[in-house]
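Structure file my_file-v8.txt (compact mmCIF, C-alpha atoms) is printed below.
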# COMPACT_ATOMS: atom_id res chain seq x y z
CA MET A 754 -63.70 -20.27 57.03
CA LYS A 755 -61.28 -17.35 57.51
CA LYS A 756 -58.42 -19.78 56.85
CA TYR A 757 -59.81 -20.58 53.36
CA VAL A 758 -60.32 -16.85 52.61
CA TYR A 759 -56.69 -16.08 53.51
CA ILE A 760 -55.48 -18.96 51.36
CA THR A 761 -57.62 -17.76 48.46
CA ILE A 762 -56.30 -14.19 48.78
CA LEU A 763 -52.72 -15.48 48.94
CA ILE A 764 -53.22 -17.61 45.81
CA LEU A 765 -54.73 -14.64 43.94
CA PHE A 766 -51.81 -12.40 45.01
CA ILE A 767 -49.17 -14.91 43.93
CA GLY A 768 -51.00 -15.39 40.64
CA SER A 769 -51.08 -11.66 39.96
CA VAL A 770 -47.36 -11.40 40.72
CA LEU A 771 -46.61 -14.27 38.35
CA ILE A 772 -48.77 -12.72 35.64
CA GLU A 773 -47.05 -9.35 36.11
CA SER A 774 -43.62 -11.01 36.05
CA LEU A 775 -44.46 -12.88 32.89
CA GLY A 776 -45.68 -9.64 31.35
CA LEU A 777 -42.47 -7.92 32.43
CA LEU A 778 -40.37 -10.70 30.91
CA ASP A 779 -42.37 -10.42 27.73
CA ASN A 780 -41.78 -6.65 27.70
CA LEU A 781 -38.06 -7.18 28.31
CA GLU A 782 -37.90 -9.63 25.41
CA ARG A 783 -39.65 -7.10 23.18
CA VAL A 784 -37.26 -4.35 24.33
CA GLU A 785 -34.24 -6.55 23.60
CA ALA A 786 -35.66 -7.46 20.21
CA ASN A 787 -36.31 -3.79 19.46
CA GLU A 788 -32.76 -2.89 20.55
CA LYS A 789 -31.33 -5.55 18.25
CA GLU A 790 -33.52 -4.30 15.42
CA PHE A 791 -32.41 -0.72 16.16
CA GLU A 792 -28.74 -1.72 16.08
CA GLN A 793 -29.29 -3.48 12.76
CA VAL A 794 -31.06 -0.44 11.33
CA LYS A 795 -28.37 1.85 12.73
CA HIS A 796 -25.65 -0.32 11.18
CA MET A 797 -27.49 -0.31 7.85
CA GLU A 798 -27.71 3.47 7.99
CA ILE A 799 -23.97 3.70 8.63
CA VAL A 800 -23.21 1.27 5.84
CA LYS A 801 -25.49 3.16 3.50
CA SER A 802 -24.01 6.53 4.43
CA ILE A 803 -20.52 5.43 3.31
CA ASN A 804 -21.73 3.22 0.45
CA ILE A 805 -20.25 0.01 1.86
CA ILE A 806 -21.80 -3.38 1.18
CA PRO A 807 -20.55 -6.10 3.58
CA GLN A 808 -20.45 -9.54 2.03
CA THR A 809 -19.11 -12.94 3.06
CA LYS A 810 -16.86 -14.21 0.32
CA GLU A 811 -14.54 -17.20 -0.02
CA PHE A 812 -10.92 -16.35 -0.78
CA GLU A 813 -8.37 -18.80 -2.11
CA GLN A 814 -5.36 -17.28 -0.36
CA VAL A 815 -5.83 -16.30 3.29
CA VAL A 816 -2.84 -16.01 5.63
CA ILE A 817 -2.56 -15.88 9.41
CA PHE A 818 0.71 -14.75 10.97
CA ASN A 819 1.85 -16.38 14.19
CA ASP A 820 3.78 -13.27 15.28
CA PRO A 821 3.50 -9.50 14.70
CA GLN A 822 4.63 -8.93 11.13
CA PRO A 823 5.90 -5.67 9.56
CA PHE A 824 4.50 -4.64 6.18
CA TYR A 825 6.18 -2.46 3.58
CA ILE A 826 5.74 -0.32 0.50
CA LYS A 827 8.27 -0.61 -2.30
CA GLU A 828 10.17 2.42 -3.57
CA ASP A 829 13.87 2.16 -4.43
CA SER A 830 13.93 -0.11 -1.38
CA LEU A 831 11.33 -1.52 1.01
CA ILE A 832 9.95 1.04 3.47
CA LYS A 833 8.19 -0.16 6.61
CA ILE A 834 4.81 1.53 7.15
CA GLY A 835 3.10 -0.66 9.73
CA GLN A 836 2.68 -3.99 11.49
CA LEU A 837 0.07 -6.74 11.14
CA GLU A 838 -1.11 -8.27 14.40
CA PRO A 839 -0.78 -12.06 14.97
CA ASN A 840 -3.69 -14.48 14.62
CA VAL A 841 -5.58 -12.18 12.23
CA GLU A 842 -6.74 -13.36 8.81
CA PHE A 843 -5.73 -11.37 5.72
CA THR A 844 -6.27 -12.10 2.05
CA ILE A 845 -3.25 -11.90 -0.22
CA VAL A 846 -3.31 -11.08 -3.94
CA GLN A 847 -0.02 -12.67 -4.91
CA GLU A 848 2.70 -14.89 -3.47
CA LYS A 849 6.33 -14.18 -4.33
CA GLU A 850 9.46 -16.09 -3.31
CA ASN A 851 10.03 -14.17 -0.08
CA PHE A 852 6.92 -11.99 0.26
CA TYR A 853 3.16 -11.97 0.23
CA GLU A 854 1.43 -9.06 -1.53
CA LEU A 855 -1.66 -7.55 0.12
CA LEU A 856 -3.81 -4.59 -0.87
CA PHE A 857 -4.09 -1.55 1.40
CA GLY A 858 -6.99 0.12 -0.36
CA HIS A 859 -5.56 0.11 -3.90
CA VAL A 860 -1.92 0.14 -2.75
CA THR A 861 0.18 -3.03 -2.89
CA VAL A 862 2.03 -3.71 0.37
CA TYR A 863 4.53 -6.47 1.10
CA VAL A 864 4.83 -8.89 4.04
CA GLU A 865 7.65 -11.36 4.58
CA LYS A 866 6.72 -15.05 4.46
CA ILE A 867 7.65 -15.84 8.06
CA GLY A 868 5.60 -17.89 10.53
CA THR A 869 2.40 -18.05 8.47
CA VAL A 870 -0.51 -20.43 8.13
CA PHE A 871 -1.91 -20.55 4.57
CA GLN A 872 -5.51 -21.54 3.89
CA LYS A 873 -8.65 -21.15 1.84
CA LYS A 874 -11.38 -19.46 3.85
CA SER A 875 -14.53 -17.34 3.83
CA LEU A 876 -14.15 -13.80 5.19
CA LYS A 877 -16.46 -10.85 5.61
CA SER A 878 -15.28 -8.26 3.13
CA MET A 879 -16.36 -4.86 1.85
CA ILE A 880 -17.29 -4.51 -1.78
CA ASN A 881 -18.03 -1.41 -3.85
CA THR A 882 -15.60 0.67 -1.79
CA GLU A 883 -13.54 3.48 -3.28
CA VAL A 884 -10.78 5.51 -1.65
CA SER A 885 -12.41 8.70 -0.40
CA GLY A 886 -9.45 10.53 1.11
CA ALA A 887 -6.41 10.05 3.31
CA ILE A 888 -5.26 10.43 6.90
CA LYS A 889 -1.89 11.40 8.40
CA THR A 890 -0.35 9.52 11.32
CA THR A 891 1.55 11.66 13.81
CA ALA A 892 1.95 8.76 16.27
CA GLN A 893 1.84 4.97 16.20
CA THR A 894 -1.82 4.28 15.35
CA MET A 895 -4.00 1.30 16.25
CA VAL A 896 -6.49 -0.17 13.77
CA TYR A 897 -9.42 -2.13 15.23
CA GLU A 898 -11.72 -4.82 13.91
CA ALA A 899 -14.83 -2.79 14.83
CA PRO A 900 -15.58 0.87 15.69
CA ASN A 901 -14.75 0.17 19.32
CA ASN A 902 -11.32 0.47 20.93
CA LYS A 903 -12.06 -2.65 23.00
CA SER A 904 -12.43 -4.77 19.86
CA PRO A 905 -9.49 -6.88 18.61
CA GLN A 906 -6.59 -5.05 16.98
CA LEU A 907 -5.91 -5.85 13.33
CA LEU A 908 -2.76 -3.84 12.72
CA GLN A 909 -0.73 -0.76 13.60
CA LEU A 910 0.21 2.12 11.31
CA ASP A 911 3.63 3.74 11.60
CA VAL A 912 4.06 7.44 12.24
CA GLY A 913 4.73 9.87 9.40
CA PHE A 914 2.69 8.60 6.43
CA ARG A 915 -0.45 9.44 4.44
CA TYR A 916 -2.78 6.41 4.34
CA PRO A 917 -5.86 6.06 2.07
CA ILE A 918 -9.27 5.65 3.71
CA VAL A 919 -12.50 4.31 2.23
CA GLY A 920 -15.00 6.08 4.47
CA GLN A 921 -16.06 7.39 7.86
CA VAL A 922 -18.36 5.95 10.51
CA ASP A 923 -19.25 8.44 13.26
CA ASP A 924 -15.98 8.99 15.17
CA TRP A 925 -14.03 6.47 13.10
CA PHE A 926 -12.16 6.39 9.80
CA LEU A 927 -12.42 3.19 7.80
CA ILE A 928 -9.60 1.49 5.89
CA LYS A 929 -9.40 -1.76 3.92
CA VAL A 930 -6.37 -4.06 4.24
CA GLY A 931 -6.16 -7.59 2.89
CA GLU A 932 -9.95 -7.57 2.35
CA ARG A 933 -10.47 -6.74 6.04
CA SER A 934 -12.18 -3.55 7.20
CA GLY A 935 -10.28 -1.68 9.90
CA TYR A 936 -11.37 1.21 12.12
CA ILE A 937 -9.20 4.14 13.27
CA HIS A 938 -10.45 6.60 15.89
CA LYS A 939 -10.46 10.13 14.48
CA GLN A 940 -8.78 11.59 17.55
CA THR A 941 -5.64 9.50 16.91
CA VAL A 942 -4.91 10.83 13.40
CA GLN A 943 -5.25 13.93 11.21
CA LEU A 944 -7.12 14.35 7.95
CA ASP A 945 -4.73 14.72 5.04
CA GLU A 946 -5.08 18.24 3.59
CA GLY A 947 -3.12 17.21 0.49
CA ILE A 948 0.34 17.57 -1.04
CA PRO A 949 1.95 21.03 -1.28
CA VAL A 950 2.80 21.84 -4.89
CA LEU A 951 5.27 24.73 -5.27
CA VAL A 952 5.56 26.73 -8.48
CA TYR A 953 8.59 28.85 -9.39
CA HIS A 954 9.48 30.76 -12.54
CA HIS A 955 12.57 32.99 -12.64
CA ILE A 956 15.55 32.90 -10.22
CA LEU A 957 18.20 35.63 -9.84
CA PRO A 958 20.68 36.67 -7.16
CA LYS A 959 19.11 39.31 -4.94
CA ALA A 960 21.59 41.94 -6.05
CA LEU A 961 20.48 41.53 -9.68
CA MET A 962 16.72 41.49 -9.07
CA LYS A 963 14.79 44.45 -10.49
CA LYS A 964 11.30 43.14 -9.71
CA THR A 965 9.66 40.41 -7.63
CA THR A 966 6.92 39.45 -10.10
CA SER A 967 7.32 35.72 -10.80
CA THR A 968 10.89 35.93 -9.49
CA ILE A 969 12.65 34.62 -6.39
CA SER A 970 16.18 35.36 -5.27
CA ALA A 971 18.77 32.61 -5.45
CA GLU A 972 19.40 33.17 -1.74
CA SER A 973 15.75 32.62 -0.76
CA PHE A 974 15.45 29.58 -3.01
CA GLU A 975 18.54 28.04 -1.41
CA GLN A 976 17.14 28.67 2.08
CA GLN A 977 13.88 26.95 1.11
CA MET A 978 15.57 23.91 -0.43
CA ASP A 979 17.90 23.62 2.57
CA TYR A 980 14.82 23.57 4.82
CA LEU A 981 13.23 20.77 2.80
CA ALA A 982 16.44 18.76 2.93
CA ALA A 983 16.95 19.32 6.67
CA HIS A 984 13.40 18.06 7.33
CA GLN A 985 13.85 15.05 5.02
CA PHE A 986 11.14 15.96 2.52
CA LYS A 987 10.50 13.55 -0.32
CA THR A 988 10.11 15.20 -3.72
CA ILE A 989 7.76 13.52 -6.17
CA GLY A 990 6.93 13.80 -9.85
CA SER A 991 3.76 13.87 -11.91
CA HIS A 992 3.29 10.08 -11.99
CA GLU A 993 3.51 9.82 -8.21
CA MET A 994 1.08 12.71 -7.84
CA TYR A 995 -1.39 10.95 -10.10
CA GLU A 996 -1.05 7.68 -8.16
CA TYR A 997 -1.55 9.55 -4.88
CA LYS A 998 -4.68 11.33 -6.10
CA GLU A 999 -6.08 8.01 -7.34
CA GLY A 1000 -5.52 6.44 -3.90
CA ARG A 1001 -2.80 4.11 -5.19
CA LYS A 1002 0.18 5.64 -3.38
CA ILE A 1003 1.14 5.88 0.30
CA LEU A 1004 3.45 8.86 0.75
CA PRO A 1005 5.34 10.31 3.72
CA ILE A 1006 3.76 13.30 5.46
CA ASN A 1007 6.84 15.31 4.45
CA THR A 1008 6.22 15.16 0.70
CA VAL A 1009 6.37 18.05 -1.77
CA LEU A 1010 6.05 18.52 -5.52
CA ILE A 1011 8.35 21.24 -6.91
CA THR A 1012 7.38 22.74 -10.27
CA PHE A 1013 8.91 25.36 -12.54
CA ASP A 1014 6.88 26.98 -15.31
CA ASP A 1015 8.31 28.12 -18.67
CA GLY A 1016 11.69 26.30 -18.73
CA LEU A 1017 13.78 29.39 -18.01
CA LEU A 1018 17.57 29.14 -18.23
CA SER A 1019 17.96 30.89 -14.87
CA THR A 1020 16.67 27.72 -13.21
CA LYS A 1021 19.52 25.78 -14.83
CA GLU A 1022 21.94 28.28 -13.34
CA TYR A 1023 20.54 28.55 -9.81
CA ALA A 1024 18.07 25.71 -9.18
CA TYR A 1025 19.51 22.67 -10.96
CA PRO A 1026 22.81 22.44 -8.97
CA LEU A 1027 21.03 22.87 -5.64
CA LEU A 1028 18.33 20.32 -6.43
CA LYS A 1029 20.98 17.86 -7.57
CA LYS A 1030 22.97 18.42 -4.37
CA HIS A 1031 19.92 17.47 -2.27
CA GLN A 1032 18.93 14.62 -4.63
CA PHE A 1033 15.59 16.31 -5.33
CA ARG A 1034 13.44 15.90 -8.43
CA ALA A 1035 11.31 18.71 -9.91
CA ILE A 1036 8.96 19.28 -12.83
CA GLN A 1037 9.74 21.76 -15.62
CA HIS A 1038 6.70 22.77 -17.68
CA ILE A 1039 8.07 23.48 -21.14
CA ILE A 1040 6.81 25.89 -23.82
CA SER A 1041 8.33 23.77 -26.53
CA SER A 1042 8.31 26.36 -29.35
CA ARG A 1043 10.85 28.34 -27.30
CA THR A 1044 13.34 25.48 -27.06
CA HIS A 1045 14.23 26.13 -30.72
CA ARG A 1046 15.14 29.81 -30.34
CA THR A 1047 18.77 28.71 -30.14
CA GLU A 1048 20.81 25.52 -30.02
CA GLY A 1049 23.52 23.98 -27.87
CA ILE A 1050 24.68 25.10 -24.42
CA GLN A 1051 24.00 28.75 -23.64
CA THR A 1052 25.79 31.25 -21.44
CA PHE A 1053 23.33 32.68 -18.94
CA ASP A 1054 22.84 36.44 -19.26
CA SER A 1055 21.13 37.88 -16.19
CA GLU A 1056 20.90 41.36 -17.78
CA GLY A 1057 19.44 40.34 -21.12
CA LYS A 1058 16.12 38.95 -22.32
CA LEU A 1059 14.64 35.80 -20.82
CA GLN A 1060 16.40 32.68 -22.05
CA PHE A 1061 14.82 29.24 -22.39
CA PHE A 1062 16.20 25.71 -22.33
CA THR A 1063 17.50 24.16 -25.51
CA GLU A 1064 16.99 20.48 -26.29
CA GLU A 1065 20.64 19.81 -25.42
CA GLU A 1066 20.31 21.47 -22.04
CA MET A 1067 17.12 19.58 -21.27
CA ALA A 1068 18.90 16.30 -21.95
CA ILE A 1069 21.76 17.20 -19.60
CA MET A 1070 19.38 18.06 -16.74
CA SER A 1071 17.06 15.08 -17.08
CA ASP A 1072 18.59 13.53 -13.95
CA VAL A 1073 16.79 16.21 -11.90
CA PHE A 1074 14.05 17.69 -14.05
CA ILE A 1075 10.93 15.87 -15.26
CA TYR A 1076 9.65 17.60 -18.39
CA GLU A 1077 5.93 18.28 -18.71
CA ALA A 1078 3.73 20.35 -21.03
CA HIS A 1079 3.02 24.09 -21.04
CA THR A 1080 1.66 24.26 -24.64
CA PHE A 1081 3.68 24.61 -27.83
CA ASP A 1082 2.94 28.26 -28.58
CA LEU A 1083 -0.10 29.38 -26.57
CA HIS A 1084 1.74 31.07 -23.71
CA ILE A 1085 0.71 34.50 -24.97
CA LEU A 1086 -1.40 37.04 -23.09
CA ASN A 1087 -3.83 39.36 -24.88
CA GLU A 1088 -2.77 42.73 -23.44
CA GLU A 1089 -6.21 44.26 -24.03
CA THR A 1090 -8.39 41.52 -22.55
CA LYS A 1091 -5.73 40.04 -20.20
CA VAL A 1092 -6.86 36.61 -21.40
CA GLY A 1093 -4.44 33.88 -22.47
CA LYS A 1094 -4.38 32.76 -26.08
CA LEU A 1095 -5.41 29.25 -24.99
CA MET A 1096 -8.85 30.65 -24.16
CA GLU A 1097 -9.25 32.16 -27.64
CA VAL A 1098 -8.44 29.16 -29.84
CA SER A 1099 -10.84 26.43 -30.90
CA ALA A 1100 -10.70 22.87 -29.61
CA GLU A 1101 -9.17 21.78 -32.92
CA GLU A 1102 -6.46 24.45 -32.73
CA LEU A 1103 -5.71 23.52 -29.12
CA GLU A 1104 -5.35 19.88 -30.07
CA VAL A 1105 -2.88 20.75 -32.84
CA ASP A 1106 -0.83 22.86 -30.42
CA LEU A 1107 -0.74 20.22 -27.68
CA ARG A 1108 0.20 17.51 -30.16
CA LYS A 1109 3.22 19.63 -31.15
CA ASN A 1110 4.03 20.08 -27.46
CA LEU A 1111 3.91 16.30 -27.00
CA GLU A 1112 6.19 15.71 -29.99
CA GLU A 1113 8.89 17.56 -28.07
CA ILE A 1114 7.97 16.05 -24.66
CA PRO A 1115 6.49 12.61 -25.50
CA ASN A 1116 6.40 11.36 -21.89
CA ALA A 1117 4.36 14.28 -20.56
CA ILE A 1118 1.21 13.40 -18.62
CA SER A 1119 0.45 16.86 -17.21
CA LEU A 1120 -0.19 20.35 -18.50
CA ALA A 1121 0.32 23.62 -16.64
CA TYR A 1122 -2.27 26.09 -17.96
CA PRO A 1123 -0.61 29.28 -19.28
CA PHE A 1124 -1.51 32.13 -16.88
CA GLY A 1125 -3.77 29.63 -15.12
CA HIS A 1126 -6.42 30.05 -17.83
CA TYR A 1127 -8.46 27.05 -18.98
CA LYS A 1128 -12.04 25.97 -19.71
CA GLU A 1129 -14.03 22.73 -19.86
CA GLU A 1130 -13.15 22.33 -23.52
CA THR A 1131 -9.45 22.47 -22.57
CA ILE A 1132 -9.84 19.52 -20.22
CA GLU A 1133 -11.77 17.46 -22.78
CA VAL A 1134 -8.98 17.92 -25.35
CA MET A 1135 -6.39 17.00 -22.72
CA LYS A 1136 -8.22 13.80 -21.85
CA ASP A 1137 -8.44 12.83 -25.51
CA LEU A 1138 -4.67 13.29 -25.84
CA GLY A 1139 -3.90 11.20 -22.75
CA PHE A 1140 -3.04 13.90 -20.23
CA LEU A 1141 -3.78 12.82 -16.66
CA LEU A 1142 -3.20 16.01 -14.67
CA GLY A 1143 -3.71 19.76 -15.06
CA PHE A 1144 -1.94 22.37 -12.91
CA THR A 1145 -3.68 25.66 -12.15
CA THR A 1146 -2.54 28.90 -10.49
CA LYS A 1147 -5.21 28.58 -7.80
CA THR A 1148 -3.78 28.50 -4.29
CA GLY A 1149 -4.12 25.39 -2.14
CA TYR A 1150 -3.10 21.79 -1.65
CA ALA A 1151 -3.33 18.93 -4.14
CA ASN A 1152 -5.77 16.52 -2.52
CA MET A 1153 -8.01 13.64 -3.57
CA GLU A 1154 -11.13 15.78 -3.42
CA ASP A 1155 -10.26 18.18 -6.25
CA PRO A 1156 -10.39 17.01 -9.88
CA ASN A 1157 -7.13 15.74 -11.39
CA TYR A 1158 -7.26 18.52 -13.99
CA GLU A 1159 -7.56 21.32 -11.44
CA ILE A 1160 -4.56 20.86 -9.15
CA LYS A 1161 -3.84 23.83 -6.90
CA ARG A 1162 -0.33 25.17 -6.26
CA PHE A 1163 1.50 27.67 -4.10
CA GLY A 1164 3.23 30.40 -6.11
CA VAL A 1165 6.63 31.15 -4.58
CA THR A 1166 8.31 34.49 -5.29
CA GLU A 1167 10.59 36.79 -3.31
CA VAL A 1168 7.60 38.27 -1.44
CA VAL A 1169 6.91 34.91 0.24
CA MET A 1170 8.55 34.99 3.66
CA MET A 1171 10.27 31.90 5.07
CA GLU A 1172 7.61 31.48 7.75
CA GLU A 1173 4.91 31.42 5.07
CA PHE A 1174 6.89 28.90 3.01
CA ILE A 1175 7.16 26.63 6.06
CA ASN A 1176 3.39 26.86 6.52
CA TYR A 1177 2.94 25.85 2.87
CA VAL A 1178 5.02 22.70 3.09
CA GLN A 1179 3.96 21.69 6.61
CA GLY A 1180 0.27 21.67 5.65
CA GLU A 1181 -0.57 24.55 7.96
CA MET A 1182 -2.05 27.08 5.54
CA LEU A 1183 -5.62 28.05 6.40
CA PHE A 1184 -8.14 29.08 3.77
CA PRO A 1185 -11.49 30.86 4.26
CA GLU A 1186 -14.47 28.59 3.62

Please lay out the structure from this file as structure tokens.
Amino acid sequence: MKKYVYITILILFIGSVLIESLGLLDNLERVEANEKEFEQVKHMEIVKSINIIPQTKEFEQVVIFNDPQPFYIKEDSLIKIGQLEPNVEFTIVQEKENFYELLFGHVTVYVEKIGTVFQKKSLKSMINTEVSGAIKTTAQTMVYEAPNNKSPQLLQLDVGFRYPIVGQVDDWFLIKVGERSGYIHKQTVQLDEGIPVLVYHHILPKALMKKTTSTISAESFEQQMDYLAAHQFKTIGSHEMYEYKEGRKILPINTVLITFDDGLLSTKEYAYPLLKKHQFRAIQHIISSRTHRTEGIQTFDSEGKLQFFTEEEMAIMSDVFIYEAHTFDLHILNEETKVGKLMEVSAEELEVDLRKNLEEIPNAISLAYPFGHYKEETIEVMKDLGFLLGFTTKTGYANMEDPNYEIKRFGVTEVVMMEEFINYVQGEMLFPE
């Protein structure tokens, strides 16, 4: 009898263990399901937060490289900016005789047609993505297929460039290359603060200077330009600045935009030869009514009244200077109100003035606001006339975040010490929040 009782108890015990185990397995399955659901929700939240919609799409031209393949941007020559990893699929936008063209964000990059497999294929791609900023690479930088440094590598970015990004996911920046999304860990790069834009006015030898307002000595200017040349800075113009701000240009970290306001003859005397020596370009914002005060080639008079470029002089210096707008005749300050004339005229009067300015400088796409004064109405008139950029006198870098018609600059006069100038151009200026 006891034997049957023991057997019964044993059966009941085993049954309870089995039931508990089955319940545990069921719980584990529910936990795993919940974890998967959580990951999906988490991923959706990330996607939503950066406004990215993943979608599988069939592309006609997909390439796979058998070996690591450099990719380039095109300036006067091809400039290598990175390397595509082998056995990774990328979509091309165009096939040339010796190169494939891919998109890096909105920038066209070029890859040699060596060791490739060409096919039609479906890929997961991001749609509705816009460039949201840029990063700077201070070392060779890996780009991964997923926000995980153990995931496959898609490509490498070379050191020393500003690359457009389309978003951020936690500790990762997101880029788009050849319709593929790539992830870069934030600790491996720096956020791009923007391009330093320098603004000069009058230049005189130190011995002839009577004031430092809007004036820099020829000696200080030469020291600054020599520094830029020694550190291999690239100088850009207004078109390149516009392309950069629109996310359509990859530029070196050492990039600067040099501007001069007013078109003063002293800059022909002391800036033009030095800029030409270093093969630099610079913008001259021209008050075009003042180009007609005289004609021909002038003799510079450092002791007399301010002199302005003539049309003949502008033509001679067009190999260095890019001419942009500074109004026709609105560079006048009301001495009582300390407000520029641009602020006092109507939209119709402003349009007439800027049209006259453009008659003298037909290729201008930017306007430097006289005395830094402007209003919303000013920008609307500029847009109607086809201007793409507006330069202010506010201090700071020209980045993708600020509006195209409110570009900040660094005013450079004799009071700016060399150390401060270096901070300007090296992106190291700090501003209170």

Long-range neighbours of stretch 978-991 of chain A as number ranges by chain, 10 Å cut-off, all atoms listed in the file, 6 positions minimum in chain: A: 948, 950, 997, 1004-1012, 1024, 1027-1028, 1030-1036, 1074-1077, 1117-1119, 1141-1142, 1171, 1174-1175, 1178

Generate the output file for the selected residues, C-alpha atoms, as a short mmCIF file (atom, residue, chain, number, x, y, z; two decimals), in the coordinates of the input.
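Dumped to part22.cif:
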data_model
loop_
_atom_site.label_atom_id
_atom_site.label_comp_id
_atom_site.auth_asym_id
_atom_site.auth_seq_id
_atom_site.Cartn_x
_atom_site.Cartn_y
_atom_site.Cartn_z
CA ILE A 948 0.34 17.57 -1.04
CA VAL A 950 2.80 21.84 -4.89
CA TYR A 997 -1.55 9.55 -4.88
CA LEU A 1004 3.45 8.86 0.75
CA PRO A 1005 5.34 10.31 3.72
CA ILE A 1006 3.76 13.30 5.46
CA ASN A 1007 6.84 15.31 4.45
CA THR A 1008 6.22 15.16 0.70
CA VAL A 1009 6.37 18.05 -1.77
CA LEU A 1010 6.05 18.52 -5.52
CA ILE A 1011 8.35 21.24 -6.91
CA THR A 1012 7.38 22.74 -10.27
CA ALA A 1024 18.07 25.71 -9.18
CA LEU A 1027 21.03 22.87 -5.64
CA LEU A 1028 18.33 20.32 -6.43
CA LYS A 1030 22.97 18.42 -4.37
CA HIS A 1031 19.92 17.47 -2.27
CA GLN A 1032 18.93 14.62 -4.63
CA PHE A 1033 15.59 16.31 -5.33
CA ARG A 1034 13.44 15.90 -8.43
CA ALA A 1035 11.31 18.71 -9.91
CA ILE A 1036 8.96 19.28 -12.83
CA PHE A 1074 14.05 17.69 -14.05
CA ILE A 1075 10.93 15.87 -15.26
CA TYR A 1076 9.65 17.60 -18.39
CA GLU A 1077 5.93 18.28 -18.71
CA ALA A 1117 4.36 14.28 -20.56
CA ILE A 1118 1.21 13.40 -18.62
CA SER A 1119 0.45 16.86 -17.21
CA LEU A 1141 -3.78 12.82 -16.66
CA LEU A 1142 -3.20 16.01 -14.67
CA MET A 1171 10.27 31.90 5.07
CA PHE A 1174 6.89 28.90 3.01
CA ILE A 1175 7.16 26.63 6.06
CA VAL A 1178 5.02 22.70 3.09
#

Å distance separating atom CA of A:Tyr1127 from atom CA of A:Gly1093, one decimal place: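 Between atom CA of A:Tyr1127 and atom CA of A:Gly1093 the gap is 8.7 Å.
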
Two-atom distance - atom CA of A:Leu1086, atom CA of A:Tyr1122 (Å): 12.1 Å

Long-range neighbours of A:Met962 as an MDAnalysis selection string, 12 Å cut-off, all atoms listed in the file, 3 positions minimum in chain: chainID A and resid 955:959 965:972 1055:1056 1166:1167

Atom CA of A:Pro949 to atom CA of A:Thr1131, straight-line distance in Å: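 For atom CA of A:Thr1131 relative to atom CA of A:Pro949, the distance reads 24.2 Å.
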
From A:Val919, A:Ala887, A:Ile845, A:Val862, residue lying nearest A:Ile826 [only C-alpha atoms]: A:Val862

Selection near stretch 892-900 of chain A, 8 Å with all atoms listed in the file, sequence-local residues under 2 positions removed, as an MDAnalysis selection string: chainID A and resid 890 902 904:913 922 925 934:938 941:942

Need the shell around stretch 858-860 of chain A: protein/DNA/RNA residues with any atom at most 6 Å away, counting only C-alpha atoms. Skip same-chain ones fewer than 6 positions apart. Format as a tab-separated table (two decimals) with C-alpha atoms, in the coordinates of the input?
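As a result, part_8.tsv now contains:
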chain	number	residue	atom	x	y	z
A	929	LYS	CA	-9.40	-1.76	3.92
A	1001	ARG	CA	-2.80	4.11	-5.19
A	1002	LYS	CA	0.18	5.64	-3.38

Long-range neighbours of A:Gly1125 as a PyMOL selection string, 12 Å cut-off, all atoms listed in the file, 2 positions minimum in chain: chain A and resi 952+1014+1079+1084-1086+1091-1096+1120-1123+1127-1128+1131+1143-1148+1158-1162+1164

Top pick for closest residue to A:Ile1132, considering A:Gly1149, A:Leu1103, A:Asn1110, A:Pro823 and counting all atoms listed in the file: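 So, comparing all the options, the nearest one is A:Leu1103.
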
Closest of A:Asn1087, A:Ser1041, A:Asn1116, A:Gln943 to A:Leu1017 - atom-to-atom distances counting only C-alpha atoms: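 Smallest distance to A:Leu1017 is found for A:Ser1041.
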
Counting all atoms listed in the file, the residue of A:Glu838, A:Glu1089, A:Asp945, A:Glu1133 that sits nearest A:Glu1101: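 For A:Glu1101, the nearest of the given residues is A:Glu1133.
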
Using all atoms listed in the file: which of A:Ile1039, A:Ile1069, A:Leu951, A:Leu927 has the shortest distance to A:Lys1109: A:Ile1039

A:Gln814, A:Glu865, A:Val1165, A:Phe1081 ranked by distance to A:Phe1013, top pick (using all atoms listed in the file): A:Val1165
